[in-house]
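> Input file: query_0.txt. Contents: compact mmCIF, N, CA and C atoms.
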# COMPACT_ATOMS: atom_id res chain seq x y z
N MET I 69 0.85 -1.18 0.00
CA MET I 69 0.00 0.00 0.00
C MET I 69 0.89 1.24 0.00
N PRO I 70 0.66 2.19 -0.91
CA PRO I 70 1.50 3.38 -0.95
C PRO I 70 1.24 4.26 0.27
N PRO I 71 2.23 5.06 0.68
CA PRO I 71 2.02 5.95 1.81
C PRO I 71 0.98 7.00 1.44
N PRO I 72 0.32 7.58 2.46
CA PRO I 72 -0.67 8.60 2.16
C PRO I 72 0.00 9.77 1.46
N GLY I 73 -0.70 10.35 0.53
CA GLY I 73 -0.18 11.49 -0.20
C GLY I 73 -1.04 12.70 0.06
N PRO I 74 -0.91 13.70 -0.77
CA PRO I 74 -1.72 14.88 -0.61
C PRO I 74 -3.21 14.53 -0.64
N PRO I 75 -4.02 15.24 0.13
CA PRO I 75 -5.45 14.95 0.14
C PRO I 75 -6.02 14.92 -1.28
N GLY I 76 -6.88 13.95 -1.50
CA GLY I 76 -7.53 13.82 -2.79
C GLY I 76 -6.67 13.13 -3.83
N SER I 77 -5.43 12.76 -3.46
CA SER I 77 -4.53 12.19 -4.46
C SER I 77 -4.64 10.68 -4.58
N GLY I 78 -5.22 10.02 -3.55
CA GLY I 78 -5.34 8.58 -3.59
C GLY I 78 -4.04 7.85 -3.29
N GLY I 79 -3.04 8.53 -2.77
CA GLY I 79 -1.78 7.90 -2.41
C GLY I 79 -0.62 8.69 -2.97
N GLY I 80 0.56 8.18 -2.77
CA GLY I 80 1.74 8.87 -3.26
C GLY I 80 2.60 9.31 -2.10
N ARG I 81 3.53 10.21 -2.37
CA ARG I 81 4.47 10.66 -1.36
C ARG I 81 3.85 11.76 -0.50
N PRO I 82 4.15 11.74 0.80
CA PRO I 82 3.65 12.82 1.67
C PRO I 82 4.16 14.17 1.20
N ALA I 83 3.38 15.19 1.39
CA ALA I 83 3.76 16.53 0.97
C ALA I 83 3.92 17.43 2.19
N SER I 84 4.76 18.43 2.06
CA SER I 84 4.95 19.41 3.13
C SER I 84 3.70 20.28 3.23
N ALA I 85 3.30 20.57 4.45
CA ALA I 85 2.12 21.42 4.65
C ALA I 85 2.29 22.17 5.96
N GLN I 86 3.16 23.15 5.96
CA GLN I 86 3.44 23.89 7.18
C GLN I 86 2.37 24.95 7.42
N THR I 87 1.96 25.05 8.69
CA THR I 87 0.99 26.04 9.09
C THR I 87 1.43 26.61 10.42
N LEU I 88 0.90 27.75 10.78
CA LEU I 88 1.23 28.39 12.05
C LEU I 88 0.08 28.14 13.01
N GLY I 89 0.38 27.55 14.18
CA GLY I 89 -0.69 27.27 15.13
C GLY I 89 -0.16 26.78 16.45
N ASP I 90 -1.06 26.57 17.36
CA ASP I 90 -0.76 26.06 18.69
C ASP I 90 -0.57 24.55 18.58
N GLU I 91 0.67 24.09 18.74
CA GLU I 91 0.99 22.68 18.53
C GLU I 91 0.15 21.76 19.41
N GLU I 92 -0.02 22.11 20.65
CA GLU I 92 -0.79 21.25 21.56
C GLU I 92 -2.25 21.14 21.11
N ARG I 93 -2.84 22.24 20.69
CA ARG I 93 -4.24 22.21 20.25
C ARG I 93 -4.38 21.45 18.94
N LEU I 94 -3.41 21.61 18.03
CA LEU I 94 -3.49 20.88 16.75
C LEU I 94 -3.26 19.39 16.96
N ARG I 95 -2.44 19.01 17.93
CA ARG I 95 -2.30 17.59 18.28
C ARG I 95 -3.63 17.05 18.81
N GLN I 96 -4.34 17.88 19.57
CA GLN I 96 -5.65 17.48 20.08
C GLN I 96 -6.63 17.24 18.93
N VAL I 97 -6.58 18.07 17.90
CA VAL I 97 -7.42 17.88 16.72
C VAL I 97 -7.14 16.51 16.10
N VAL I 98 -5.86 16.20 15.88
CA VAL I 98 -5.49 14.92 15.27
C VAL I 98 -5.91 13.76 16.16
N THR I 99 -5.64 13.87 17.45
CA THR I 99 -5.99 12.81 18.40
C THR I 99 -7.48 12.55 18.41
N ASN I 100 -8.28 13.62 18.42
CA ASN I 100 -9.73 13.46 18.43
C ASN I 100 -10.23 12.82 17.13
N LEU I 101 -9.69 13.23 15.99
CA LEU I 101 -10.15 12.67 14.72
C LEU I 101 -9.77 11.20 14.59
N VAL I 102 -8.55 10.85 14.95
CA VAL I 102 -8.12 9.46 14.86
C VAL I 102 -8.88 8.62 15.89
N GLY I 103 -9.02 9.13 17.11
CA GLY I 103 -9.77 8.41 18.14
C GLY I 103 -11.21 8.18 17.74
N ASN I 104 -11.82 9.15 17.10
CA ASN I 104 -13.19 9.01 16.63
C ASN I 104 -13.29 7.91 15.57
N ALA I 105 -12.33 7.90 14.65
CA ALA I 105 -12.33 6.86 13.60
C ALA I 105 -12.19 5.47 14.22
N VAL I 106 -11.31 5.33 15.18
CA VAL I 106 -11.09 4.03 15.82
C VAL I 106 -12.33 3.61 16.62
N ALA I 107 -12.94 4.55 17.32
CA ALA I 107 -14.09 4.23 18.18
C ALA I 107 -15.35 3.87 17.39
N HIS I 108 -15.47 4.39 16.17
CA HIS I 108 -16.71 4.22 15.43
C HIS I 108 -16.60 3.32 14.21
N THR I 109 -15.57 2.49 14.21
CA THR I 109 -15.42 1.52 13.12
C THR I 109 -15.15 0.14 13.74
N PRO I 110 -15.46 -0.92 13.02
CA PRO I 110 -15.17 -2.26 13.54
C PRO I 110 -13.66 -2.45 13.77
N ALA I 111 -13.31 -3.28 14.74
CA ALA I 111 -11.91 -3.57 15.03
C ALA I 111 -11.19 -4.00 13.76
N GLY I 112 -9.98 -3.50 13.58
CA GLY I 112 -9.18 -3.87 12.42
C GLY I 112 -9.46 -3.06 11.17
N THR I 113 -10.40 -2.14 11.22
CA THR I 113 -10.72 -1.31 10.05
C THR I 113 -9.58 -0.33 9.80
N PRO I 114 -9.08 -0.25 8.58
CA PRO I 114 -8.00 0.70 8.29
C PRO I 114 -8.43 2.15 8.47
N VAL I 115 -7.50 2.96 8.95
CA VAL I 115 -7.68 4.41 9.05
C VAL I 115 -6.51 5.03 8.31
N ARG I 116 -6.80 5.91 7.36
CA ARG I 116 -5.75 6.57 6.57
C ARG I 116 -5.61 8.01 7.05
N ILE I 117 -4.37 8.43 7.27
CA ILE I 117 -4.08 9.81 7.65
C ILE I 117 -3.22 10.40 6.55
N GLY I 118 -3.68 11.48 5.96
CA GLY I 118 -2.95 12.12 4.88
C GLY I 118 -2.73 13.59 5.18
N VAL I 119 -1.55 14.09 4.80
CA VAL I 119 -1.21 15.50 4.97
C VAL I 119 -0.69 16.00 3.64
N GLY I 120 -1.13 17.19 3.26
CA GLY I 120 -0.66 17.78 2.02
C GLY I 120 -1.05 19.23 1.92
N ALA I 121 -0.77 19.81 0.79
CA ALA I 121 -1.11 21.20 0.51
C ALA I 121 -2.01 21.23 -0.71
N GLU I 122 -3.03 22.09 -0.65
CA GLU I 122 -3.99 22.17 -1.73
C GLU I 122 -4.60 23.58 -1.75
N ASP I 123 -4.50 24.25 -2.88
CA ASP I 123 -5.12 25.57 -3.07
C ASP I 123 -4.77 26.56 -1.97
N GLY I 124 -3.51 26.59 -1.56
CA GLY I 124 -3.07 27.55 -0.56
C GLY I 124 -3.36 27.16 0.88
N TYR I 125 -3.77 25.94 1.09
CA TYR I 125 -4.08 25.46 2.44
C TYR I 125 -3.26 24.23 2.78
N ALA I 126 -2.90 24.12 4.05
CA ALA I 126 -2.38 22.87 4.59
C ALA I 126 -3.61 22.02 4.87
N VAL I 127 -3.59 20.77 4.45
CA VAL I 127 -4.77 19.91 4.57
C VAL I 127 -4.39 18.63 5.31
N LEU I 128 -5.23 18.28 6.26
CA LEU I 128 -5.11 17.01 6.99
C LEU I 128 -6.38 16.23 6.71
N GLU I 129 -6.24 14.96 6.31
CA GLU I 129 -7.40 14.09 6.14
C GLU I 129 -7.25 12.87 7.02
N VAL I 130 -8.33 12.52 7.70
CA VAL I 130 -8.42 11.28 8.45
C VAL I 130 -9.61 10.53 7.86
N ALA I 131 -9.34 9.39 7.25
CA ALA I 131 -10.38 8.64 6.54
C ALA I 131 -10.44 7.21 7.07
N ASP I 132 -11.66 6.72 7.23
CA ASP I 132 -11.83 5.33 7.64
C ASP I 132 -12.71 4.62 6.63
N GLN I 133 -12.76 3.31 6.76
CA GLN I 133 -13.60 2.49 5.88
C GLN I 133 -14.71 1.85 6.69
N GLY I 134 -15.20 2.58 7.67
CA GLY I 134 -16.25 2.09 8.56
C GLY I 134 -17.63 2.20 7.95
N PRO I 135 -18.64 2.18 8.81
CA PRO I 135 -20.02 2.14 8.34
C PRO I 135 -20.52 3.45 7.71
N GLY I 136 -19.82 4.55 7.92
CA GLY I 136 -20.25 5.83 7.36
C GLY I 136 -21.44 6.41 8.10
N LEU I 137 -21.90 7.54 7.61
CA LEU I 137 -23.00 8.26 8.24
C LEU I 137 -24.09 8.57 7.24
N PRO I 138 -25.34 8.48 7.66
CA PRO I 138 -26.41 8.97 6.79
C PRO I 138 -26.37 10.51 6.77
N PRO I 139 -26.95 11.14 5.76
CA PRO I 139 -26.87 12.59 5.62
C PRO I 139 -27.31 13.38 6.86
N GLU I 140 -28.38 12.94 7.53
CA GLU I 140 -28.85 13.70 8.69
C GLU I 140 -27.83 13.69 9.84
N GLU I 141 -27.07 12.61 9.98
CA GLU I 141 -26.03 12.56 11.00
C GLU I 141 -24.79 13.31 10.55
N GLU I 142 -24.46 13.22 9.28
CA GLU I 142 -23.30 13.93 8.74
C GLU I 142 -23.42 15.43 8.99
N ARG I 143 -24.63 15.98 8.86
CA ARG I 143 -24.85 17.41 9.06
C ARG I 143 -24.67 17.83 10.51
N ARG I 144 -24.79 16.89 11.45
CA ARG I 144 -24.81 17.24 12.87
C ARG I 144 -23.55 16.85 13.63
N VAL I 145 -22.59 16.19 13.02
CA VAL I 145 -21.48 15.63 13.78
C VAL I 145 -20.64 16.65 14.54
N PHE I 146 -20.64 17.91 14.14
CA PHE I 146 -19.84 18.92 14.83
C PHE I 146 -20.61 19.65 15.92
N GLU I 147 -21.88 19.29 16.14
CA GLU I 147 -22.68 19.90 17.20
C GLU I 147 -22.24 19.40 18.56
N ARG I 148 -22.25 20.28 19.55
CA ARG I 148 -21.92 19.88 20.91
C ARG I 148 -22.92 18.86 21.42
N PHE I 149 -22.43 17.84 22.07
CA PHE I 149 -23.21 16.78 22.71
C PHE I 149 -23.95 15.87 21.73
N TYR I 150 -23.72 16.05 20.42
CA TYR I 150 -24.39 15.16 19.46
C TYR I 150 -23.64 13.85 19.41
N ARG I 151 -24.38 12.75 19.47
CA ARG I 151 -23.80 11.42 19.32
C ARG I 151 -24.60 10.68 18.27
N ALA I 152 -23.88 10.10 17.32
CA ALA I 152 -24.54 9.29 16.29
C ALA I 152 -25.07 8.03 16.95
N ASP I 153 -25.82 7.27 16.21
CA ASP I 153 -26.42 6.02 16.69
C ASP I 153 -25.38 5.16 17.40
N ALA I 154 -25.57 4.94 18.69
CA ALA I 154 -24.61 4.19 19.50
C ALA I 154 -24.49 2.74 19.06
N SER I 155 -25.46 2.21 18.34
CA SER I 155 -25.39 0.81 17.92
C SER I 155 -24.30 0.59 16.89
N ARG I 156 -23.77 1.67 16.28
CA ARG I 156 -22.72 1.53 15.28
C ARG I 156 -21.33 1.51 15.89
N THR I 157 -21.21 1.77 17.17
CA THR I 157 -19.89 1.82 17.78
C THR I 157 -19.51 0.47 18.36
N ARG I 158 -18.21 0.22 18.43
CA ARG I 158 -17.77 -1.03 19.03
C ARG I 158 -17.38 -0.83 20.48
N ALA I 159 -17.24 0.41 20.89
CA ALA I 159 -16.84 0.68 22.27
C ALA I 159 -18.05 0.60 23.19
N THR I 160 -17.82 0.12 24.37
CA THR I 160 -18.90 0.14 25.36
C THR I 160 -18.85 1.48 26.05
N GLY I 161 -19.98 2.08 26.24
CA GLY I 161 -20.01 3.39 26.87
C GLY I 161 -19.57 4.45 25.89
N ALA I 162 -20.50 5.13 25.28
CA ALA I 162 -20.18 6.15 24.29
C ALA I 162 -19.64 7.40 24.99
N GLY I 163 -18.97 8.24 24.21
CA GLY I 163 -18.44 9.49 24.74
C GLY I 163 -19.56 10.49 24.96
N ALA I 164 -19.16 11.69 25.35
CA ALA I 164 -20.12 12.74 25.67
C ALA I 164 -20.61 13.49 24.44
N GLY I 165 -20.06 13.18 23.28
CA GLY I 165 -20.47 13.89 22.07
C GLY I 165 -19.78 15.24 21.94
N LEU I 166 -18.57 15.35 22.50
CA LEU I 166 -17.85 16.62 22.44
C LEU I 166 -16.62 16.59 21.53
N GLY I 167 -16.09 15.42 21.20
CA GLY I 167 -14.84 15.32 20.46
C GLY I 167 -14.82 16.09 19.15
N LEU I 168 -15.82 15.88 18.31
CA LEU I 168 -15.85 16.57 17.01
C LEU I 168 -16.22 18.04 17.16
N SER I 169 -16.98 18.38 18.19
CA SER I 169 -17.26 19.78 18.47
C SER I 169 -15.98 20.51 18.87
N ILE I 170 -15.15 19.84 19.66
CA ILE I 170 -13.87 20.42 20.05
C ILE I 170 -12.98 20.59 18.82
N VAL I 171 -12.95 19.59 17.95
CA VAL I 171 -12.18 19.69 16.70
C VAL I 171 -12.62 20.93 15.93
N HIS I 172 -13.92 21.09 15.75
CA HIS I 172 -14.46 22.23 15.01
C HIS I 172 -14.04 23.55 15.67
N SER I 173 -14.16 23.64 16.98
CA SER I 173 -13.81 24.87 17.70
C SER I 173 -12.33 25.19 17.56
N LEU I 174 -11.47 24.20 17.72
CA LEU I 174 -10.03 24.44 17.63
C LEU I 174 -9.60 24.82 16.23
N VAL I 175 -10.14 24.14 15.23
CA VAL I 175 -9.78 24.46 13.84
C VAL I 175 -10.27 25.87 13.49
N THR I 176 -11.48 26.20 13.90
CA THR I 176 -12.02 27.54 13.64
C THR I 176 -11.19 28.61 14.34
N ALA I 177 -10.75 28.33 15.57
CA ALA I 177 -9.91 29.28 16.31
C ALA I 177 -8.58 29.52 15.59
N HIS I 178 -8.14 28.57 14.80
CA HIS I 178 -6.92 28.71 14.01
C HIS I 178 -7.20 29.33 12.63
N GLY I 179 -8.42 29.78 12.40
CA GLY I 179 -8.78 30.40 11.13
C GLY I 179 -9.02 29.40 10.02
N GLY I 180 -9.22 28.15 10.37
CA GLY I 180 -9.42 27.11 9.36
C GLY I 180 -10.84 26.60 9.32
N ASP I 181 -11.01 25.51 8.59
CA ASP I 181 -12.33 24.87 8.53
C ASP I 181 -12.14 23.36 8.52
N VAL I 182 -13.20 22.67 8.93
CA VAL I 182 -13.21 21.21 8.97
C VAL I 182 -14.52 20.75 8.38
N GLU I 183 -14.48 19.66 7.62
CA GLU I 183 -15.68 19.11 7.02
C GLU I 183 -15.60 17.59 7.04
N VAL I 184 -16.75 16.97 6.84
CA VAL I 184 -16.81 15.52 6.76
C VAL I 184 -17.48 15.14 5.46
N ASP I 185 -16.97 14.09 4.85
CA ASP I 185 -17.58 13.51 3.65
C ASP I 185 -17.86 12.06 3.98
N SER I 186 -19.13 11.66 3.92
CA SER I 186 -19.50 10.32 4.32
C SER I 186 -20.77 9.89 3.63
N ALA I 187 -21.00 8.60 3.67
CA ALA I 187 -22.26 8.00 3.22
C ALA I 187 -22.31 6.61 3.84
N PRO I 188 -23.50 6.12 4.11
CA PRO I 188 -23.61 4.78 4.67
C PRO I 188 -22.87 3.74 3.81
N GLY I 189 -22.04 2.95 4.48
CA GLY I 189 -21.33 1.88 3.79
C GLY I 189 -20.01 2.27 3.16
N ARG I 190 -19.64 3.56 3.17
CA ARG I 190 -18.37 3.94 2.55
C ARG I 190 -17.45 4.72 3.47
N GLY I 191 -17.69 4.70 4.76
CA GLY I 191 -16.79 5.32 5.71
C GLY I 191 -16.92 6.82 5.79
N CYS I 192 -15.99 7.43 6.50
CA CYS I 192 -15.97 8.88 6.71
C CYS I 192 -14.59 9.42 6.39
N THR I 193 -14.55 10.60 5.80
CA THR I 193 -13.31 11.34 5.61
C THR I 193 -13.49 12.71 6.23
N PHE I 194 -12.68 12.99 7.25
CA PHE I 194 -12.67 14.32 7.87
C PHE I 194 -11.50 15.09 7.28
N ARG I 195 -11.77 16.31 6.82
CA ARG I 195 -10.77 17.13 6.13
C ARG I 195 -10.64 18.46 6.87
N VAL I 196 -9.42 18.75 7.35
CA VAL I 196 -9.10 20.00 8.04
C VAL I 196 -8.26 20.85 7.10
N ARG I 197 -8.64 22.13 6.96
CA ARG I 197 -7.86 23.06 6.13
C ARG I 197 -7.41 24.23 7.01
N LEU I 198 -6.10 24.51 6.95
CA LEU I 198 -5.51 25.64 7.66
C LEU I 198 -4.63 26.39 6.68
N ALA I 199 -4.47 27.69 6.89
CA ALA I 199 -3.64 28.50 5.98
C ALA I 199 -2.21 27.97 5.97
N LEU I 200 -1.65 27.86 4.75
CA LEU I 200 -0.25 27.47 4.62
C LEU I 200 0.64 28.57 5.19
N LEU I 201 1.74 28.16 5.77
CA LEU I 201 2.72 29.09 6.28
C LEU I 201 3.46 29.70 5.10
N GLY I 202 3.41 31.00 4.97
CA GLY I 202 4.05 31.68 3.84
C GLY I 202 5.45 32.13 4.20
N PRO I 203 6.22 32.60 3.21
CA PRO I 203 7.60 33.02 3.43
C PRO I 203 7.71 34.15 4.46
N ALA I 204 6.73 35.05 4.51
CA ALA I 204 6.77 36.18 5.45
C ALA I 204 6.44 35.76 6.86
N ASP I 205 5.82 34.58 7.02
CA ASP I 205 5.43 34.12 8.35
C ASP I 205 6.63 33.57 9.07
Is it possible to express this structure as structure tokens?

Amino acid sequence: MPPPGPPGSGGGRPASAQTLGDEERLRQVVTNLVGNAVAHTPAGTPVRIGVGAEDGYAVLEVADQGPGLPPEEERRVFERFYRADASRTRATGAGAGLGLSIVHSLVTAHGGDVEVDSAPGRGCTFRVRLALLGPAD
């Protein structure tokens, strides 16, 4: 399997994507996204993490091959305290429904945006975009 490449590339070599931000908070974003993918997919399901640059943005993608989300849940995943159907998780005892809300808040505080692309049966891809670090920065 080729290493993850730039978002949307389907594989290839990792690309540089430097951004200016609070390292601890950005680590929390990655931890929450990866933890969410692991918690909401069957054991052993692959999770792909890709970093790259696209259209002037540093982009992070966390994609899984889990059960995916129906449209009504996809629209709500960043709401505080929202939890998708607990029957789809493998973990006992669901979280408080704050992880993705925290991701949204932290990414927004960094001037970026986060989105999810999903459908039942085809997994979820969470995409974070932050401004690329320019030469003057």
> Between CA of Pro188 in chain I and atom N of Gly165 in chain I, what distance in Å does the model show, to one decimal?
20.7 Å
> For range 197-201 of chain I, work out the shell of residues within 7 Å, counting only N, CA and C atoms and skipping chain neighbours fewer than 6 positions away, then give it as an NGL selection string.
:I and (85-88 or 124-128 or 178-183)
> Could you please determine the separation between CA of Gln133 in chain I and atom N of Gly191 in chain I in Å, to one decimal place?
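For CA of Gln133 in chain I relative to atom N of Gly191 in chain I, the distance reads 4.8 Å.
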> Give me, as a ChimeraX atom specification, all polymer residues having an atom no more than 10 Å from Leu94 in chain I, counting only C-alpha atoms and skipping those fewer than 6 positions away in the same chain.
/I:100,171,174-175,178
> Grab the CA of Glu147 in chain I to atom C of Ser169 in chain I distance for me, in Å with one decimal place.
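Computing it gives 6.9 Å between the two atoms.
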> Mind dumping range 116-149 of chain I from that block, keeping C-alpha atoms, as an mmCIF file, in the first residue's frame?

data_model
loop_
_atom_site.group_PDB
_atom_site.id
_atom_site.type_symbol
_atom_site.label_atom_id
_atom_site.label_comp_id
_atom_site.auth_asym_id
_atom_site.auth_seq_id
_atom_site.Cartn_x
_atom_site.Cartn_y
_atom_site.Cartn_z
ATOM 1 C CA ARG I 116 -5.750 6.575 6.566
ATOM 2 C CA ILE I 117 -4.081 9.807 7.655
ATOM 3 C CA GLY I 118 -2.951 12.124 4.877
ATOM 4 C CA VAL I 119 -1.206 15.500 4.966
ATOM 5 C CA GLY I 120 -0.658 17.776 2.017
ATOM 6 C CA ALA I 121 -1.110 21.200 0.509
ATOM 7 C CA GLU I 122 -3.993 22.175 -1.733
ATOM 8 C CA ASP I 123 -5.119 25.567 -3.072
ATOM 9 C CA GLY I 124 -3.067 27.555 -0.562
ATOM 10 C CA TYR I 125 -4.083 25.462 2.439
ATOM 11 C CA ALA I 126 -2.382 22.867 4.592
ATOM 12 C CA VAL I 127 -4.767 19.911 4.572
ATOM 13 C CA LEU I 128 -5.111 17.012 6.986
ATOM 14 C CA GLU I 129 -7.398 14.093 6.138
ATOM 15 C CA VAL I 130 -8.417 11.279 8.452
ATOM 16 C CA ALA I 131 -10.381 8.639 6.545
ATOM 17 C CA ASP I 132 -11.831 5.334 7.640
ATOM 18 C CA GLN I 133 -13.598 2.485 5.884
ATOM 19 C CA GLY I 134 -16.248 2.092 8.557
ATOM 20 C CA PRO I 135 -20.024 2.143 8.340
ATOM 21 C CA GLY I 136 -20.254 5.827 7.356
ATOM 22 C CA LEU I 137 -23.004 8.262 8.244
ATOM 23 C CA PRO I 138 -26.406 8.970 6.785
ATOM 24 C CA PRO I 139 -26.875 12.595 5.620
ATOM 25 C CA GLU I 140 -28.848 13.699 8.695
ATOM 26 C CA GLU I 141 -26.031 12.560 11.004
ATOM 27 C CA GLU I 142 -23.298 13.934 8.743
ATOM 28 C CA ARG I 143 -24.847 17.412 9.060
ATOM 29 C CA ARG I 144 -24.810 17.244 12.870
ATOM 30 C CA VAL I 145 -21.476 15.625 13.783
ATOM 31 C CA PHE I 146 -19.836 18.920 14.827
ATOM 32 C CA GLU I 147 -22.678 19.904 17.195
ATOM 33 C CA ARG I 148 -21.916 19.877 20.912
ATOM 34 C CA PHE I 149 -23.207 16.780 22.712
#
